[in-house]
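What follows is one structure encoded as structure tokens, with my remarks underneath.
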Amino acid sequence: MAKLLALLLLAAVLLFACKQDRDKSKEVVPETPNIVGTNNKPDTDTALLLRKYVRDTLFFSDPAQPDFFILEADGFEPKRTMLRFSIVNSKGIEIYSDSFKADLLLDDGIYDLTAKPTERERNKYIIDKANKFFDAKNVLKPAIKPGEEFSPEYSDKEIWQDIAGDTSAIGFYYLLAPNKGKSIAYSKKQKKVVVYFSCC
């Protein structure tokens, strides 16, 4: 009799367990939504994206050791990005920096390419200017040519005379917006980078 009761109890337990398994199999598992991974790059033509870094090595503060010239973008889209131009010497010390909006690289040169530039053409022009920021044509040797006249509205006389008097001084020129150009050089006298010309 006891064996019969034990068998009936075991059968009841097994039936209950099977029922639980069937109920679980009927549960509806909600679908996992398709999660699209995000990154900092917008969904656009990669030809119209700024590079994170544009780098070059140029002799500037020291005729024996080149400096590192760096243009860093905090984004990818030309109209929404800030650029940081910095110069780091061979000892790893930053000796110059300047920050500006990427769209300030858009100057009147675009009208030499097309009379009515589209948004795409404007963006491409900005990107091309960023990529060529350290072109050799922007390096001035000497920084101030003999006979080049001082303009008081665009320069400080003491700085101008300092750089003009150093024929080994190397200048670097960059243009922002249609007509805001800057010429910088390393002053051996002041032991720092100075802006010796800024217009306008």
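Residues are named by chain letter and number: chains run A, B, ... in the order of the structure tokens, numbers start at 1 in each chain, and ligands are numbered from 1 in the order shown.
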
Q: Would you list the contacts of Phe60 in chain A as a PyMOL selection string, taking every protein, DNA or RNA residue within 6 Å and counting only C-alpha atoms, but skipping same-chain residues closer than 2 positions in sequence?
A: chain A and resi 58+62+170

Include N, CA and C atoms and write out the residues we just selected as an mmCIF file, in the first residue's frame.
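What ended up in result.cif:
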```cif
data_model
loop_
_atom_site.group_PDB
_atom_site.id
_atom_site.type_symbol
_atom_site.label_atom_id
_atom_site.label_comp_id
_atom_site.auth_asym_id
_atom_site.auth_seq_id
_atom_site.Cartn_x
_atom_site.Cartn_y
_atom_site.Cartn_z
ATOM 1 N N LEU A 58 57.789 70.624 -39.408
ATOM 2 C CA LEU A 58 58.390 71.757 -40.111
ATOM 3 C C LEU A 58 59.464 72.379 -39.236
ATOM 4 N N ASP A 62 63.407 76.004 -34.202
ATOM 5 C CA ASP A 62 64.795 75.566 -34.062
ATOM 6 C C ASP A 62 65.286 75.077 -35.425
ATOM 7 N N ILE A 170 61.835 81.766 -39.444
ATOM 8 C CA ILE A 170 60.921 81.149 -40.405
ATOM 9 C C ILE A 170 59.498 81.520 -40.029
#
```

(Q) So that I can see what lies close to Cys200 in chain A, please list as a list in words the residues with an atom at most 7 Å from it, counting only C-alpha atoms and leaving out residues fewer than 6 positions away in the same chain. (A)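 So, after excluding close chain neighbours, the residues are Asn179, Lys180 and Gly181 of chain A.
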
Q | Residue list (strand (DSSP E), DSSP) for range 76-187 of chain A, as a PyMOL selection string | A | chain A and resi 82-88+94-101+139-140+171-176+180-187

Q: Would you list the contacts of Tyr125 in chain A as a PyMOL selection string, taking every protein, DNA or RNA residue within 12 Å and counting only C-alpha atoms, but skipping same-chain residues closer than 4 positions in sequence?
A: chain A and resi 47-50+78-79+102-114+117-121+129-133

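One finds CA of Pro63 in chain A at 17.6 Å from CA of Phe134 in chain A.
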
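The spacing separating CA of Pro178 in chain A from CA of Lys141 in chain A amounts to 24.1 Å.
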
(Q) At a cut-off of 6 Å, using only C-alpha atoms, what residues contact Tyr173 in chain A? Leave out same-chain residues fewer than 5 positions from it and give the result as a ChimeraX atom specification. (A) /A:138,182-183

Could you write out the selected residues, including C-alpha atoms, as a PDB file, in the first residue's frame?
```
ATOM      1  CA  ASN A 138      52.475  78.757 -46.223  1.00  0.00           C
ATOM      2  CA  LYS A 182      48.009  85.647 -39.667  1.00  0.00           C
ATOM      3  CA  SER A 183      51.766  85.389 -39.968  1.00  0.00           C
TER       4      SER A 183
END
```

Q. Nearest to Asp156 in chain A: which of A:Ile70, A:Asn89, A:Glu94, A:Phe197 is it, counting only C-alpha atoms?
A.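 Ranked by minimum distance to Asp156 in chain A, first place goes to A:Phe197.
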
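Using only C-alpha atoms, the nearest neighbour of Ser97 in chain A within the list A:Lys116, A:Lys157, A:Lys192, A:Arg122 is A:Lys192.
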
Q. Expressed in Å to a single decimal, how great is the separation between CA of Leu175 in chain A and CA of Thr57 in chain A?
A.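 We find that CA of Leu175 in chain A and CA of Thr57 in chain A lie 19.5 Å from each other.
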
Q.
Using DSSP assignments from the backbone, pull out every residue in range 94-140 of chain A that falls under alpha helix (DSSP H) and give it to me as a VMD selection string.
A. chain A and resid 119 to 131
